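Chemist: Handing you this structure, nothing more for now.
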Amino acid sequence: MWSSLPFWKELTIFVTDETFVPLLRLHGAQNVHHLPLGAWPEHCIPQAESSTDYALENRLVFVGRSEFPHKKEFFAGCSMSSELHQEGLAKLEQGERPDFEWSAARCQAWPMWPGPEVRRAGYVAEMLNMDYRIACLQCNAHNKLTVFGNPEWTDLVPDLSDLRKPVDYYSALPGIYKQAGWCLNMTSLLLPRGLTQRHFDVWISGGFLITDNTPGLHIFPEALTQDIRFSSPPTSPPS
């Protein structure tokens with residue numbers, strides 16, 4: 001596979017999560033930089049003025065797939081012990097993040113290249129991330145929650161009553177963000193200090209963001225995030 005070849009060490013690399021800058025350098029990357037995500041005003045603002053009515057007033061909205069495409073194939077052969085799973089769930093219940101850094105340490109995934117061990121650490125973080133997302137949605141399923149996503153959400157969140165079809169991210173999202181009462185974000189545990197596109201697009205579209213307390217929020221002023229972040233699954237939107 002190309003990933004086992006060393007040519008990438010000479011490339012200029014930009015990562016959206018600063019966690020991986022020192023890790024890549026330790027593995028030989030010569031020119032790697034942190035480049036946070038951002039928003040495109042010319043795209044978001046006109047689309048947010050769309051005349052389409054999504055009937056989302058006073059509703060908590062989450063937009064997202066239950067898993068990324070071909071996840072099972074990507075993590076083929078990976079597993080997680082019940083003990084490690086319970087340990088990760090306990091951290092979630094305590095309001096902590098068993099993210100990729102934590103799972104890599106627990107799985108002793110070092111060095112992370114070129115061997116396959118790092119995939120198991122990613123698998124552990126991804127499975128715990130799924131547990132966390134389900135918990136966040138399930139505890140709000142009776143709280144005027146609307147999810148735009150794939151049909152599998154109905155099996156994962158049994159109490160979900162308003163599941164809508166996936167939408168085109170480039171045309172519909174700004175309007176949905178603006179019309180929603182609140183927009184829910186859960187940052188993947190695969191990103192220890194990363195952010196998602198929602199952290200930028202919801203605000204620029206004129207929406208109200210509720211987000212998990214990811215360390216990546218430090219790039220924003222404290223006053224902007226202190227009242228909209230949570231460490232444990234929120235049971236109700238802020239008043």
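Identifiers in the structure tokens: chain A, B, ... in order shown; residue index from 1 per chain; ligand index from 1 in order shown.
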Pull the strand (DSSP E) assignments for stretch 5-154 of chain A out of DSSP run on the backbone, and list those residues as a list of chain:residue names.

Modeler: A:Thr12, A:Ile13, A:Phe14, A:Val15, A:Asn31, A:Val32, A:His33, A:His34, A:Leu60, A:Val61, A:Phe62, A:Val63, A:Leu145, A:Thr146, A:Val147, A:Phe148

Chemist: I'd like the neighbourhood of A:Ile210 as a PyMOL selection string, where a residue qualifies if any of its atoms comes within 12 Å (using only C-alpha atoms), though same-chain residues fewer than 3 positions away should be ignored.

Modeler: chain A and resi 60-62+136+177+180-187+198-199+202-203+207+213-214+224-231+233-239

Chemist: Measure the distance from atom CA of A:Lys9 to atom CA of A:Gly216 in Å and round it to one decimal.

Modeler: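 Atom CA of A:Gly216 lies 25.4 Å from atom CA of A:Lys9.
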
Chemist: Mind checking DSSP for chain A and telling me the alpha helix (DSSP H) residues as a PyMOL selection string?

Modeler: chain A and resi 20-26+41-48+71-74+82-93+100-106+117-138+153-156+173-179+198-204+222-225

Chemist: Tell me which of A:Leu35, A:Leu5, A:Val157, A:Ala55 sits closest to A:Gln138, counting only C-alpha atoms.

Modeler: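 Nearest candidate to A:Gln138 out of A:Leu35, A:Leu5, A:Val157, A:Ala55: A:Val157.
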
Chemist: Could you give me, as number ranges by chain, the residues within 12 Å of A:Met127, counting only C-alpha atoms and dropping anything in the same chain fewer than 2 positions from it?

Modeler: A: 66-68, 71-72, 75, 78-82, 84-86, 88-89, 98-100, 103, 120-125, 129-134, 188-190

Chemist: Smallest atom-to-atom distance to A:Glu117: which of A:Ala29, A:Leu163, A:Val63, A:Ala104, using only C-alpha atoms?

Modeler: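 Residue with the minimum atom-to-atom distance to A:Glu117: A:Ala104.
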
Chemist: At what distance in Å, to one decimal, does atom CA of A:Leu137 lie from atom CA of A:Gln179?

Modeler: 19.4 Å

Chemist: Hey, which of A:Thr211, A:Gln197, A:Thr12, A:Ser171 ends up closest to A:Ala48? Count only C-alpha atoms.

Modeler: A:Ser171

Chemist: From the list A:Leu173, A:Val118, A:Ala105, A:Phe74, which residue is nearest A:Gly206 when using only C-alpha atoms?

Modeler: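 Once distances to A:Gly206 are computed over only C-alpha atoms, the minimum belongs to A:Leu173.
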
Chemist: My list of candidates is A:Asp159, A:Glu126, A:Glu73, A:Asp201. Which is closest to A:Cys44 when distances are computed with only C-alpha atoms?

Modeler: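 Nearest to A:Cys44: A:Asp201.
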
Chemist: Take atom CA of A:Ala109 and atom CA of A:Leu191 and report the distance between them in Å, one decimal.

Modeler: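 Computed distance, atom CA of A:Ala109 to atom CA of A:Leu191, equals 16.1 Å.
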
Chemist: Taking only C-alpha atoms into account, which of A:Pro6, A:Gly194, A:Pro221, A:Pro174 comes nearest A:Ala39?

Modeler: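 Looking at the shortest contact to A:Ala39, the residue is A:Pro174.
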